[in-house]
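*Asks:* Contents of run.cif (mmCIF, N, CA and C atoms) are given next:
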data_start
#
loop_
_atom_site.label_atom_id
_atom_site.label_comp_id
_atom_site.auth_asym_id
_atom_site.auth_seq_id
_atom_site.Cartn_x
_atom_site.Cartn_y
_atom_site.Cartn_z
N MET W 247 7.76 -11.29 -18.07
CA MET W 247 7.13 -10.68 -16.91
C MET W 247 8.04 -10.79 -15.71
N ALA W 248 7.94 -9.81 -14.84
CA ALA W 248 8.78 -9.79 -13.65
C ALA W 248 8.10 -10.55 -12.52
N ALA W 249 8.80 -11.50 -11.96
CA ALA W 249 8.33 -12.22 -10.78
C ALA W 249 9.27 -11.86 -9.64
N TYR W 250 8.73 -11.23 -8.62
CA TYR W 250 9.56 -10.73 -7.54
C TYR W 250 9.65 -11.69 -6.36
N ALA W 251 8.96 -12.80 -6.42
CA ALA W 251 9.02 -13.81 -5.36
C ALA W 251 8.86 -15.19 -6.00
N THR W 252 9.10 -16.21 -5.22
CA THR W 252 8.93 -17.58 -5.69
C THR W 252 7.82 -18.24 -4.88
N VAL W 253 7.40 -19.41 -5.33
CA VAL W 253 6.39 -20.17 -4.60
C VAL W 253 6.93 -20.50 -3.20
N ALA W 254 8.21 -20.79 -3.11
CA ALA W 254 8.83 -21.09 -1.80
C ALA W 254 8.77 -19.89 -0.87
N ASP W 255 8.94 -18.67 -1.41
CA ASP W 255 8.84 -17.45 -0.59
C ASP W 255 7.44 -17.31 -0.01
N VAL W 256 6.44 -17.55 -0.84
CA VAL W 256 5.05 -17.44 -0.39
C VAL W 256 4.76 -18.53 0.63
N GLN W 257 5.17 -19.76 0.35
CA GLN W 257 4.92 -20.88 1.26
C GLN W 257 5.55 -20.63 2.63
N ALA W 258 6.73 -20.04 2.66
CA ALA W 258 7.42 -19.77 3.92
C ALA W 258 6.64 -18.80 4.81
N ARG W 259 5.82 -17.97 4.21
CA ARG W 259 5.06 -16.97 4.97
C ARG W 259 3.64 -17.42 5.31
N MET W 260 3.22 -18.55 4.79
CA MET W 260 1.87 -19.04 5.04
C MET W 260 1.83 -19.89 6.30
N THR W 261 0.63 -19.98 6.89
CA THR W 261 0.47 -20.78 8.10
C THR W 261 0.02 -22.21 7.80
N ARG W 262 -0.05 -22.53 6.51
CA ARG W 262 -0.44 -23.88 6.11
C ARG W 262 0.37 -24.27 4.88
N THR W 263 0.29 -25.55 4.50
CA THR W 263 0.99 -26.03 3.32
C THR W 263 0.05 -25.97 2.12
N MET W 264 0.54 -25.43 1.01
CA MET W 264 -0.26 -25.32 -0.20
C MET W 264 -0.35 -26.67 -0.90
N SER W 265 -1.50 -26.92 -1.49
CA SER W 265 -1.67 -28.12 -2.30
C SER W 265 -0.97 -27.91 -3.64
N GLU W 266 -0.86 -28.96 -4.44
CA GLU W 266 -0.21 -28.87 -5.75
C GLU W 266 -0.97 -27.90 -6.67
N THR W 267 -2.29 -27.95 -6.61
CA THR W 267 -3.11 -27.04 -7.42
C THR W 267 -2.87 -25.59 -7.00
N GLU W 268 -2.78 -25.35 -5.69
CA GLU W 268 -2.53 -24.00 -5.20
C GLU W 268 -1.13 -23.53 -5.59
N GLN W 269 -0.16 -24.43 -5.61
CA GLN W 269 1.19 -24.04 -6.02
C GLN W 269 1.21 -23.60 -7.48
N ASN W 270 0.46 -24.29 -8.33
CA ASN W 270 0.36 -23.88 -9.73
C ASN W 270 -0.31 -22.52 -9.85
N SER W 271 -1.38 -22.31 -9.10
CA SER W 271 -2.06 -21.01 -9.09
C SER W 271 -1.14 -19.94 -8.53
N CYS W 272 -0.36 -20.31 -7.54
CA CYS W 272 0.56 -19.37 -6.90
C CYS W 272 1.56 -18.80 -7.91
N GLU W 273 2.09 -19.64 -8.77
CA GLU W 273 3.04 -19.18 -9.79
C GLU W 273 2.42 -18.12 -10.69
N LEU W 274 1.19 -18.35 -11.11
CA LEU W 274 0.50 -17.39 -11.96
C LEU W 274 0.18 -16.11 -11.21
N LEU W 275 -0.23 -16.24 -9.96
CA LEU W 275 -0.55 -15.06 -9.16
C LEU W 275 0.70 -14.21 -8.90
N ILE W 276 1.84 -14.86 -8.73
CA ILE W 276 3.10 -14.13 -8.52
C ILE W 276 3.42 -13.28 -9.75
N GLU W 277 3.23 -13.84 -10.94
CA GLU W 277 3.47 -13.07 -12.16
C GLU W 277 2.49 -11.90 -12.27
N ASP W 278 1.23 -12.16 -11.97
CA ASP W 278 0.22 -11.10 -12.02
C ASP W 278 0.53 -9.99 -11.01
N ALA W 279 0.96 -10.39 -9.82
CA ALA W 279 1.30 -9.41 -8.79
C ALA W 279 2.45 -8.52 -9.26
N GLY W 280 3.41 -9.11 -9.98
CA GLY W 280 4.53 -8.31 -10.50
C GLY W 280 4.07 -7.22 -11.45
N VAL W 281 3.09 -7.53 -12.27
CA VAL W 281 2.55 -6.54 -13.21
C VAL W 281 1.86 -5.41 -12.43
N ILE W 282 1.09 -5.77 -11.42
CA ILE W 282 0.40 -4.76 -10.62
C ILE W 282 1.40 -3.88 -9.88
N ILE W 283 2.43 -4.50 -9.31
CA ILE W 283 3.45 -3.74 -8.58
C ILE W 283 4.17 -2.78 -9.51
N ASP W 284 4.55 -3.25 -10.70
CA ASP W 284 5.24 -2.38 -11.65
C ASP W 284 4.37 -1.21 -12.10
N ALA W 285 3.06 -1.42 -12.13
CA ALA W 285 2.15 -0.33 -12.51
C ALA W 285 2.14 0.77 -11.45
N TYR W 286 2.41 0.41 -10.21
CA TYR W 286 2.43 1.40 -9.14
C TYR W 286 3.81 2.04 -8.97
N ASN W 287 4.87 1.23 -8.93
CA ASN W 287 6.21 1.77 -8.75
C ASN W 287 7.25 0.73 -9.15
N ALA W 288 7.71 0.82 -10.37
CA ALA W 288 8.71 -0.13 -10.86
C ALA W 288 10.07 0.11 -10.24
N GLN W 289 10.29 1.29 -9.64
CA GLN W 289 11.59 1.61 -9.05
C GLN W 289 11.68 1.25 -7.56
N ALA W 290 10.68 0.60 -7.02
CA ALA W 290 10.73 0.20 -5.61
C ALA W 290 11.86 -0.81 -5.40
N SER W 291 12.29 -0.96 -4.16
CA SER W 291 13.38 -1.88 -3.86
C SER W 291 12.95 -3.33 -4.09
N ALA W 292 13.92 -4.19 -4.36
CA ALA W 292 13.64 -5.61 -4.61
C ALA W 292 13.02 -6.27 -3.38
N ASP W 293 13.50 -5.89 -2.19
CA ASP W 293 12.93 -6.45 -0.96
C ASP W 293 11.47 -6.07 -0.79
N ALA W 294 11.15 -4.80 -1.06
CA ALA W 294 9.77 -4.34 -0.93
C ALA W 294 8.88 -5.07 -1.92
N LYS W 295 9.36 -5.24 -3.15
CA LYS W 295 8.56 -5.94 -4.17
C LYS W 295 8.32 -7.39 -3.77
N LYS W 296 9.31 -8.03 -3.17
CA LYS W 296 9.17 -9.43 -2.74
C LYS W 296 8.13 -9.55 -1.63
N VAL W 297 8.21 -8.68 -0.63
CA VAL W 297 7.28 -8.73 0.49
C VAL W 297 5.85 -8.45 0.01
N VAL W 298 5.70 -7.43 -0.82
CA VAL W 298 4.36 -7.07 -1.32
C VAL W 298 3.79 -8.19 -2.18
N THR W 299 4.62 -8.80 -3.01
CA THR W 299 4.15 -9.92 -3.83
C THR W 299 3.63 -11.05 -2.96
N CYS W 300 4.38 -11.42 -1.95
CA CYS W 300 3.96 -12.50 -1.06
C CYS W 300 2.67 -12.15 -0.34
N ARG W 301 2.56 -10.93 0.14
CA ARG W 301 1.34 -10.51 0.84
C ARG W 301 0.12 -10.56 -0.08
N MET W 302 0.29 -10.10 -1.32
CA MET W 302 -0.82 -10.10 -2.28
C MET W 302 -1.29 -11.53 -2.58
N VAL W 303 -0.34 -12.43 -2.81
CA VAL W 303 -0.67 -13.81 -3.18
C VAL W 303 -1.31 -14.54 -2.00
N ILE W 304 -0.81 -14.32 -0.80
CA ILE W 304 -1.39 -14.97 0.38
C ILE W 304 -2.82 -14.50 0.60
N ARG W 305 -3.08 -13.20 0.38
CA ARG W 305 -4.45 -12.71 0.50
C ARG W 305 -5.36 -13.38 -0.53
N ALA W 306 -4.86 -13.57 -1.74
CA ALA W 306 -5.67 -14.17 -2.80
C ALA W 306 -5.93 -15.65 -2.53
N LEU W 307 -4.92 -16.37 -2.05
CA LEU W 307 -5.07 -17.80 -1.80
C LEU W 307 -5.74 -18.11 -0.47
N GLY W 308 -5.60 -17.22 0.48
CA GLY W 308 -6.07 -17.48 1.84
C GLY W 308 -4.94 -18.08 2.64
N ASP W 309 -4.79 -17.64 3.87
CA ASP W 309 -3.66 -18.11 4.66
C ASP W 309 -3.97 -19.34 5.49
N GLY W 310 -5.21 -19.81 5.45
CA GLY W 310 -5.56 -21.03 6.19
C GLY W 310 -5.76 -20.79 7.66
N ASP W 311 -6.00 -19.56 8.04
CA ASP W 311 -6.24 -19.25 9.44
C ASP W 311 -7.49 -19.97 9.91
N SER W 312 -7.43 -20.59 11.05
CA SER W 312 -8.54 -21.40 11.53
C SER W 312 -9.51 -20.61 12.40
N SER W 313 -9.44 -19.28 12.38
CA SER W 313 -10.31 -18.48 13.23
C SER W 313 -11.76 -18.51 12.77
N GLY W 314 -12.01 -18.93 11.55
CA GLY W 314 -13.37 -18.96 11.04
C GLY W 314 -13.74 -17.70 10.27
N TYR W 315 -12.93 -16.66 10.38
CA TYR W 315 -13.17 -15.43 9.65
C TYR W 315 -12.52 -15.53 8.28
N PRO W 316 -13.23 -15.21 7.23
CA PRO W 316 -12.60 -15.26 5.90
C PRO W 316 -11.55 -14.16 5.77
N ILE W 317 -10.50 -14.44 5.03
CA ILE W 317 -9.45 -13.45 4.84
C ILE W 317 -10.03 -12.25 4.10
N GLY W 318 -9.68 -11.07 4.55
CA GLY W 318 -10.18 -9.85 3.94
C GLY W 318 -11.46 -9.34 4.57
N ALA W 319 -11.99 -10.05 5.55
CA ALA W 319 -13.23 -9.59 6.20
C ALA W 319 -12.92 -8.37 7.05
N THR W 320 -13.72 -7.33 6.87
CA THR W 320 -13.54 -6.12 7.67
C THR W 320 -14.44 -6.14 8.89
N GLN W 321 -15.53 -6.88 8.83
CA GLN W 321 -16.43 -7.04 9.97
C GLN W 321 -16.99 -8.45 9.94
N GLY W 322 -17.34 -8.97 11.07
CA GLY W 322 -17.92 -10.30 11.09
C GLY W 322 -18.68 -10.53 12.38
N SER W 323 -19.51 -11.51 12.38
CA SER W 323 -20.21 -11.89 13.61
C SER W 323 -20.52 -13.39 13.56
N MET W 324 -20.59 -13.98 14.72
CA MET W 324 -20.96 -15.38 14.84
C MET W 324 -22.01 -15.48 15.93
N SER W 325 -22.82 -16.46 15.84
CA SER W 325 -23.81 -16.70 16.89
C SER W 325 -23.67 -18.14 17.36
N GLY W 326 -24.39 -18.46 18.37
CA GLY W 326 -24.31 -19.80 18.92
C GLY W 326 -25.36 -20.73 18.37
N LEU W 327 -26.36 -21.00 19.16
CA LEU W 327 -27.36 -21.99 18.78
C LEU W 327 -28.30 -21.49 17.69
N GLY W 328 -28.29 -20.22 17.41
CA GLY W 328 -29.13 -19.67 16.36
C GLY W 328 -28.54 -19.88 14.98
N TYR W 329 -27.34 -20.43 14.89
CA TYR W 329 -26.65 -20.72 13.63
C TYR W 329 -26.63 -19.52 12.70
N SER W 330 -26.02 -18.46 13.13
CA SER W 330 -25.99 -17.25 12.31
C SER W 330 -24.54 -16.80 12.11
N GLN W 331 -24.21 -16.42 10.90
CA GLN W 331 -22.91 -15.83 10.58
C GLN W 331 -23.13 -14.70 9.59
N SER W 332 -22.37 -13.66 9.71
CA SER W 332 -22.42 -12.59 8.70
C SER W 332 -21.05 -11.96 8.60
N TRP W 333 -20.65 -11.59 7.39
CA TRP W 333 -19.33 -11.03 7.14
C TRP W 333 -19.47 -9.83 6.22
N THR W 334 -18.63 -8.87 6.43
CA THR W 334 -18.51 -7.76 5.51
C THR W 334 -17.13 -7.86 4.90
N ILE W 335 -17.09 -8.04 3.60
CA ILE W 335 -15.82 -8.18 2.89
C ILE W 335 -15.49 -6.84 2.26
N GLY W 336 -14.28 -6.35 2.52
CA GLY W 336 -13.84 -5.08 1.94
C GLY W 336 -13.64 -5.21 0.45
N ALA W 337 -13.51 -4.07 -0.20
CA ALA W 337 -13.30 -4.06 -1.65
C ALA W 337 -12.01 -4.77 -2.01
N GLY W 338 -12.05 -5.62 -2.98
CA GLY W 338 -10.86 -6.32 -3.45
C GLY W 338 -10.38 -7.43 -2.55
N ALA W 339 -11.22 -7.92 -1.67
CA ALA W 339 -10.76 -8.92 -0.72
C ALA W 339 -11.26 -10.32 -1.03
N ASN W 340 -11.91 -10.50 -2.13
CA ASN W 340 -12.51 -11.80 -2.42
C ASN W 340 -11.67 -12.56 -3.44
N ALA W 341 -10.55 -13.13 -2.99
CA ALA W 341 -9.67 -13.97 -3.80
C ALA W 341 -9.15 -13.27 -5.05
N GLU W 342 -8.83 -12.00 -4.93
CA GLU W 342 -8.21 -11.29 -6.04
C GLU W 342 -6.99 -10.54 -5.54
N LEU W 343 -6.11 -10.22 -6.45
CA LEU W 343 -4.90 -9.50 -6.10
C LEU W 343 -5.20 -8.01 -5.95
N TYR W 344 -4.76 -7.44 -4.85
CA TYR W 344 -4.90 -6.00 -4.65
C TYR W 344 -3.80 -5.53 -3.72
N LEU W 345 -3.54 -4.24 -3.76
CA LEU W 345 -2.54 -3.64 -2.89
C LEU W 345 -3.24 -3.04 -1.68
N ALA W 346 -2.87 -3.48 -0.51
CA ALA W 346 -3.41 -2.91 0.72
C ALA W 346 -2.66 -1.60 1.01
N LYS W 347 -3.13 -0.88 2.00
CA LYS W 347 -2.53 0.41 2.36
C LYS W 347 -1.04 0.24 2.72
N LEU W 348 -0.71 -0.79 3.49
CA LEU W 348 0.68 -1.04 3.87
C LEU W 348 1.52 -1.40 2.64
N ASP W 349 0.94 -2.16 1.72
CA ASP W 349 1.68 -2.52 0.50
C ASP W 349 2.06 -1.27 -0.28
N LYS W 350 1.14 -0.35 -0.42
CA LYS W 350 1.43 0.90 -1.14
C LYS W 350 2.51 1.70 -0.43
N LYS W 351 2.45 1.68 0.89
CA LYS W 351 3.48 2.39 1.67
C LYS W 351 4.86 1.76 1.45
N LEU W 352 4.90 0.42 1.43
CA LEU W 352 6.16 -0.28 1.18
C LEU W 352 6.73 0.04 -0.20
N LEU W 353 5.84 0.23 -1.17
CA LEU W 353 6.27 0.54 -2.54
C LEU W 353 6.58 2.02 -2.72
N GLY W 354 6.29 2.82 -1.70
CA GLY W 354 6.58 4.25 -1.79
C GLY W 354 5.53 5.05 -2.52
N VAL W 355 4.29 4.57 -2.53
CA VAL W 355 3.19 5.30 -3.17
C VAL W 355 2.02 5.38 -2.20
N GLY W 356 1.06 6.21 -2.53
CA GLY W 356 -0.15 6.32 -1.71
C GLY W 356 -0.03 7.39 -0.66
N ASN W 357 -1.18 7.92 -0.27
CA ASN W 357 -1.29 8.95 0.76
C ASN W 357 -0.46 10.19 0.46
N ARG W 358 -0.29 10.50 -0.78
CA ARG W 358 0.40 11.72 -1.15
C ARG W 358 -0.64 12.75 -1.56
N VAL W 359 -0.55 13.90 -0.95
CA VAL W 359 -1.50 14.95 -1.25
C VAL W 359 -0.73 16.09 -1.89
N GLY W 360 -1.22 16.59 -2.97
CA GLY W 360 -0.57 17.70 -3.63
C GLY W 360 -1.21 17.95 -4.97
N SER W 361 -0.71 18.97 -5.60
CA SER W 361 -1.24 19.28 -6.92
C SER W 361 -0.13 19.88 -7.77
N TRP W 362 -0.36 19.88 -9.06
CA TRP W 362 0.58 20.45 -10.00
C TRP W 362 -0.23 21.02 -11.14
N SER W 363 0.17 22.17 -11.57
CA SER W 363 -0.53 22.82 -12.67
C SER W 363 0.46 23.03 -13.81
N PRO W 364 0.07 22.72 -15.04
CA PRO W 364 0.98 22.96 -16.16
C PRO W 364 1.26 24.44 -16.37
N VAL W 365 0.43 25.31 -15.82
CA VAL W 365 0.64 26.75 -15.94
C VAL W 365 1.84 27.20 -15.10
N GLN W 366 2.18 26.43 -14.06
CA GLN W 366 3.30 26.80 -13.20
C GLN W 366 4.60 26.94 -13.98
N GLU W 367 4.76 26.15 -15.00
CA GLU W 367 6.00 26.20 -15.78
C GLU W 367 6.05 27.41 -16.71
N LEU W 368 4.91 28.00 -17.00
CA LEU W 368 4.87 29.15 -17.90
C LEU W 368 5.43 30.41 -17.25
N ALA W 369 5.18 30.61 -15.97
CA ALA W 369 5.64 31.81 -15.26
C ALA W 369 6.28 31.37 -13.95
N PRO W 370 7.56 31.03 -13.97
CA PRO W 370 8.20 30.56 -12.73
C PRO W 370 8.26 31.68 -11.68
N VAL W 371 8.05 31.31 -10.45
CA VAL W 371 8.11 32.25 -9.34
C VAL W 371 9.52 32.25 -8.80
N PRO W 372 10.14 33.45 -8.68
CA PRO W 372 11.51 33.49 -8.15
C PRO W 372 11.53 33.08 -6.68
N ALA W 373 12.60 32.45 -6.29
CA ALA W 373 12.76 32.02 -4.90
C ALA W 373 12.92 33.25 -4.01
N PRO W 374 12.37 33.22 -2.80
CA PRO W 374 12.54 34.37 -1.91
C PRO W 374 14.00 34.53 -1.51
N ALA W 375 14.40 35.78 -1.35
CA ALA W 375 15.79 36.08 -0.98
C ALA W 375 16.01 35.66 0.47
N GLU W 376 17.13 35.04 0.71
CA GLU W 376 17.49 34.64 2.06
C GLU W 376 18.10 35.83 2.79
N PRO W 377 17.67 36.09 4.03
CA PRO W 377 18.30 37.19 4.77
C PRO W 377 19.73 36.84 5.15
N GLU W 378 20.55 37.86 5.24
CA GLU W 378 21.93 37.62 5.64
C GLU W 378 21.97 37.22 7.10
N VAL W 379 22.97 36.45 7.45
CA VAL W 379 23.13 36.00 8.82
C VAL W 379 23.37 37.21 9.71
N GLY W 380 22.65 37.30 10.82
CA GLY W 380 22.83 38.38 11.77
C GLY W 380 21.96 39.59 11.50
N THR W 381 21.15 39.60 10.46
CA THR W 381 20.27 40.72 10.18
C THR W 381 18.85 40.35 10.56
N TYR W 382 18.08 41.34 10.88
CA TYR W 382 16.70 41.12 11.28
C TYR W 382 15.78 41.98 10.44
N ALA W 383 14.54 41.57 10.31
CA ALA W 383 13.55 42.37 9.60
C ALA W 383 13.17 43.55 10.49
N PRO W 384 12.83 44.70 9.88
CA PRO W 384 12.43 45.86 10.69
C PRO W 384 11.23 45.52 11.56
N LEU W 385 11.17 46.13 12.72
CA LEU W 385 10.11 45.85 13.67
C LEU W 385 8.74 46.19 13.10
N GLU W 386 8.66 47.20 12.23
CA GLU W 386 7.37 47.59 11.65
C GLU W 386 6.78 46.46 10.82
N VAL W 387 7.62 45.67 10.23
CA VAL W 387 7.15 44.57 9.40
C VAL W 387 6.56 43.46 10.28
N LEU W 388 7.16 43.26 11.45
CA LEU W 388 6.74 42.17 12.31
C LEU W 388 5.50 42.51 13.15
N VAL W 389 5.37 43.77 13.56
CA VAL W 389 4.27 44.17 14.45
C VAL W 389 3.56 45.35 13.81
N GLU W 390 2.26 45.26 13.68
CA GLU W 390 1.50 46.39 13.16
C GLU W 390 1.55 47.54 14.14
N GLU W 391 1.46 48.72 13.64
CA GLU W 391 1.53 49.91 14.47
C GLU W 391 0.36 49.91 15.46
N GLY W 392 0.65 50.18 16.72
CA GLY W 392 -0.39 50.25 17.72
C GLY W 392 -0.68 48.93 18.40
N THR W 393 -0.01 47.86 18.04
CA THR W 393 -0.24 46.58 18.72
C THR W 393 1.05 46.15 19.39
N THR W 394 0.92 45.29 20.36
CA THR W 394 2.13 44.81 21.03
C THR W 394 2.29 43.35 20.88
#
Would you encode the structure as structure tokens?
*Replies:*
Amino acid sequence: MAAYATVADVQARMTRTMSETEQNSCELLIEDAGVIIDAYNAQASADAKKVVTCRMVIRALGDGDSSGYPIGATQGSMSGLGYSQSWTIGAGANAELYLAKLDKKLLGVGNRVGSWSPVQELAPVPAPAEPEVGTYAPLEVLVEEGTT
């Protein structure tokens, strides 16, 4: 399996020190992240794969942020003396590996809109002819008769 980062790479990007148990989990998560990354784009650059791997593993382990908001929370609220908390966790944000929108962008995938039809190859469309330099299309083609 391809591992695109090391435990030291992940630790360097975290805001806290991982325990020994977390370091063991980190090694396994790094391998799993490599499989997920290769499923999206195995031809991505080594630097992009390393950054995405670290980001995925940190999201899964938690970065130890002391703000009180769980990692991956898309919405949250706190109250005072009423002792109330509520969180909305986005899809794939509960201690599992997933690719965020930025991760997909780093890997060169996502947000591509288009289509392809197998019928296109059956009847290829010829490329339009390029006009010669210095020639213009007739005025009748550009402006309908009777309009300005």
*Asks:* When you count only N, CA and C atoms, which of these residues is closest to Leu348 (chain W): W:Ile283, W:Val298, W:Met260, W:Ala251?
*Replies:*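 Closest residue, counting only N, CA and C atoms: W:Val298.
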*Asks:* Calculate how many Å separate atom C of Gln257 (chain W) from atom N of Gly354 (chain W), rounding to one decimal.
*Replies:*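 Atom C of Gln257 (chain W) sits 23.9 Å away from atom N of Gly354 (chain W).
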*Asks:* Using only C-alpha atoms, which of W:Arg259, W:Glu342, W:Ala248, W:Ser361 sits nearest Leu307 (chain W)?
*Replies:*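 Looking at the shortest contact to Leu307 (chain W), the residue is W:Glu342.
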*Asks:* Counting only C-alpha atoms, which residue out of W:Thr252, W:Thr299, W:Gln331, W:Ser363 sits closest to Val281 (chain W)?
*Replies:*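 That would be W:Thr299, the residue with the smallest distance to Val281 (chain W).
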*Asks:* To one decimal place in Å, what is the distance between atom C of Arg301 (chain W) and CA of Ser332 (chain W)?
*Replies:*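 These atoms are spaced 24.3 Å apart.
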*Asks:* May I ask which of the residues W:Ala306, W:Leu353, W:Val365, W:Ala249 is the closest one to Ile276 (chain W), counting only C-alpha atoms?
*Replies:*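 Result for the nearest residue to Ile276 (chain W): W:Ala249.
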*Asks:* With distances taken over only C-alpha atoms, which of W:Leu345, W:Ser291, W:Ala285, W:Ser323 is nearest to Val303 (chain W)?
*Replies:*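 Nearest candidate to Val303 (chain W) out of W:Leu345, W:Ser291, W:Ala285, W:Ser323: W:Leu345.
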*Asks:* Ranking W:Val253, W:Asp284, W:Cys300, W:Gly356 by minimum distance to Gln269 (chain W) and counting only N, CA and C atoms, which one comes first?
*Replies:*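 Under the stated criterion, the closest residue is W:Val253.
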*Asks:* Using CA of Ala254 (chain W) and CA of Arg305 (chain W) as the two end points, give the distance in Å to one decimal.
*Replies:*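 Atom-to-atom, CA of Ala254 (chain W) and CA of Arg305 (chain W) are spaced 15.9 Å apart.
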